[in-house]
Amino acid sequence: MKIDILTLFPDMFVPLTESIIGRAREKNIVDINTINIRDFSIDKHKKVDDYPYGGGAGMVMTPQPIYSAMESIGAKGKKVIYMSPKGTTFNQKIAMDLSKEESLIFLCGHYEGIDQRVIDTWVTDEISIGDYVLTGGELPTMVVIDTICRLLPGVLGQEESYMEESFYDGLLEYPQYTRPSDFLDLKVPDILLSGNHKKIAQWRKMESLKTTRKNRPDLFRKYIQGKNLSKEEKIFIDKILENKVDF
């Protein structure tokens with residue numbers, strides 16, 4: 001996958017050279033390029049913002065530098081994502097859909113946003129990572145790119161690494177434990193030490209359902225209403241709803 005990022009602050013994307021994403025870049029699974037929008041300004045002072053028509057607080061990013069930057073990378077006909085609090089709220093399904101694209105272009109806004117003509121001409125998707133406002137689009141872009149990249153084949157060591165994570169099947173992830181089995185008299189659940197893989201899988205499903213119901217009741221309701229549940233899942237859900245959660 002090729003990812004181009006249009007930004008005023010390319011140095012902010014250093015974290016994408018580290019850890020799992022960094023290794024994916026080394027393996028040429030993903031090619032991430034940053035483009036400095038300011039480099040394309042025809043203003044002698046490299047100015048990229050101006051006052052909004054109609055008045056109001058703050059400044060707005062001007063269209064010319066962004067247009068020129070888009071043209072330089074052949075953005076026409078490609079998926080261009082503008083990170084904006086006005087956009088669709090990002091989730092795992094969107095991440096999975098985007099991970100199937102061959103190329104993505106991210107546009108990072110700043111100040112009070114960008115000239116609407118840029119959005120009308122170039123942007124195919126507007127995405128928000130939550131109901132709050134950040135200084136610019138760089139941090140949200142990194143969040144989205146990280147989420148997408150870990151879904152690409154070969155990025156994670158095992159497919160199960162993301163298939164069992166929170167949100168993959170609509171539920172939050174079950175609790176995780178590692179060695180030692182007894183730490184400060186805090187013990188790992190016996191079932192995880194039993195070697196009985198069927199029982200462990202059942203325990204994990206029950207814990208996922210319990211955690212989701214407690215922390216994200218909206219997801220829990222959606223899960224039990226929106227799919228064909230197995231007989232085993234129905235038994236687990238009945239126990240949870242009746243507060244009979246011992247396993």
# chains A, B, ... in the order shown; residues from 1 in each chain; ligands from 1
$ residues_around --residues "range 190-202 of chain A" --least-positions-apart "2" --cutoff "9 Å" --atoms "only C-alpha atoms" --output "list of chain:residue names"
A:Tyr177, A:Ser181, A:Lys187, A:Val188, A:Arg204, A:Lys205, A:Met206, A:Glu207, A:Glu232, A:Phe236, A:Phe247
$ write_last_selection --atoms "C-alpha atoms" --output "PDB file, in the first residue's frame"
ATOM      1  CA  TYR A 177      -2.203 -12.587  31.405  1.00  0.00           C
ATOM      2  CA  SER A 181       1.213 -17.142  37.224  1.00  0.00           C
ATOM      3  CA  LYS A 187      -3.096 -15.249  40.402  1.00  0.00           C
ATOM      4  CA  VAL A 188      -3.894 -16.002  36.789  1.00  0.00           C
ATOM      5  CA  ARG A 204     -12.423 -15.804  26.580  1.00  0.00           C
ATOM      6  CA  LYS A 205     -15.754 -15.452  24.786  1.00  0.00           C
ATOM      7  CA  MET A 206     -17.580 -15.062  28.106  1.00  0.00           C
ATOM      8  CA  GLU A 207     -15.072 -12.446  29.305  1.00  0.00           C
ATOM      9  CA  GLU A 232     -23.213 -21.450  22.962  1.00  0.00           C
ATOM     10  CA  PHE A 236     -23.386 -17.192  27.656  1.00  0.00           C
ATOM     11  CA  PHE A 247     -17.576 -19.863  34.650  1.00  0.00           C
TER      12      PHE A 247
END
$ residues_around --residues "range 101-105 of chain A" --least-positions-apart "6" --cutoff "7 Å" --atoms "only C-alpha atoms" --output "NGL selection string"
:A and (1-5 or 79-81)
$ write_last_selection --atoms "N, CA, C and O atoms" --output "PDB file, in the first residue's frame"
ATOM      1  N   MET A   1       0.835  -1.192   0.000  1.00  0.00           N
ATOM      2  CA  MET A   1       0.000   0.000   0.000  1.00  0.00           C
ATOM      3  C   MET A   1       0.877   1.252   0.000  1.00  0.00           C
ATOM      4  O   MET A   1       1.892   1.304   0.695  1.00  0.00           O
ATOM      5  N   LYS A   2       0.466   2.239  -0.768  1.00  0.00           N
ATOM      6  CA  LYS A   2       1.156   3.520  -0.761  1.00  0.00           C
ATOM      7  C   LYS A   2       0.293   4.553  -0.048  1.00  0.00           C
ATOM      8  O   LYS A   2      -0.897   4.671  -0.344  1.00  0.00           O
ATOM      9  N   ILE A   3       0.895   5.281   0.877  1.00  0.00           N
ATOM     10  CA  ILE A   3       0.185   6.313   1.632  1.00  0.00           C
ATOM     11  C   ILE A   3       0.929   7.633   1.488  1.00  0.00           C
ATOM     12  O   ILE A   3       2.119   7.722   1.799  1.00  0.00           O
ATOM     13  N   ASP A   4       0.227   8.641   1.011  1.00  0.00           N
ATOM     14  CA  ASP A   4       0.775  10.000   0.939  1.00  0.00           C
ATOM     15  C   ASP A   4       0.069  10.861   1.971  1.00  0.00           C
ATOM     16  O   ASP A   4      -1.159  10.790   2.130  1.00  0.00           O
ATOM     17  N   ILE A   5       0.836  11.683   2.668  1.00  0.00           N
ATOM     18  CA  ILE A   5       0.293  12.557   3.710  1.00  0.00           C
ATOM     19  C   ILE A   5       0.622  14.004   3.372  1.00  0.00           C
ATOM     20  O   ILE A   5       1.803  14.372   3.287  1.00  0.00           O
ATOM     21  N   LYS A  79      -8.408   7.843  -3.537  1.00  0.00           N
ATOM     22  CA  LYS A  79      -9.137   8.071  -2.291  1.00  0.00           C
ATOM     23  C   LYS A  79      -8.360   9.075  -1.449  1.00  0.00           C
ATOM     24  O   LYS A  79      -7.231   8.813  -1.028  1.00  0.00           O
ATOM     25  N   VAL A  80      -8.972  10.222  -1.219  1.00  0.00           N
ATOM     26  CA  VAL A  80      -8.352  11.299  -0.450  1.00  0.00           C
ATOM     27  C   VAL A  80      -9.149  11.499   0.838  1.00  0.00           C
ATOM     28  O   VAL A  80     -10.351  11.787   0.788  1.00  0.00           O
ATOM     29  N   ILE A  81      -8.475  11.337   1.952  1.00  0.00           N
ATOM     30  CA  ILE A  81      -9.133  11.400   3.251  1.00  0.00           C
ATOM     31  C   ILE A  81      -8.742  12.686   3.967  1.00  0.00           C
ATOM     32  O   ILE A  81      -7.556  12.968   4.173  1.00  0.00           O
TER      33      ILE A  81
END
$ atom_distance --atom1 "CA of Pro65 in chain A" --atom2 "CA of Arg38 in chain A"
6.6 Å
$ closest_residue --among "A:Leu6, A:Ile129, A:Val48, A:Leu186" --to "Phe106 in chain A" --atoms "only C-alpha atoms"
A:Leu6
$ residues_around --residues "Leu152 in chain A" --least-positions-apart "4" --cutoff "12 Å" --atoms "only C-alpha atoms" --output "PyMOL selection string"
chain A and resi 1-2+20-21+24-25+27-30+95-102+145-148+156-159+161-162
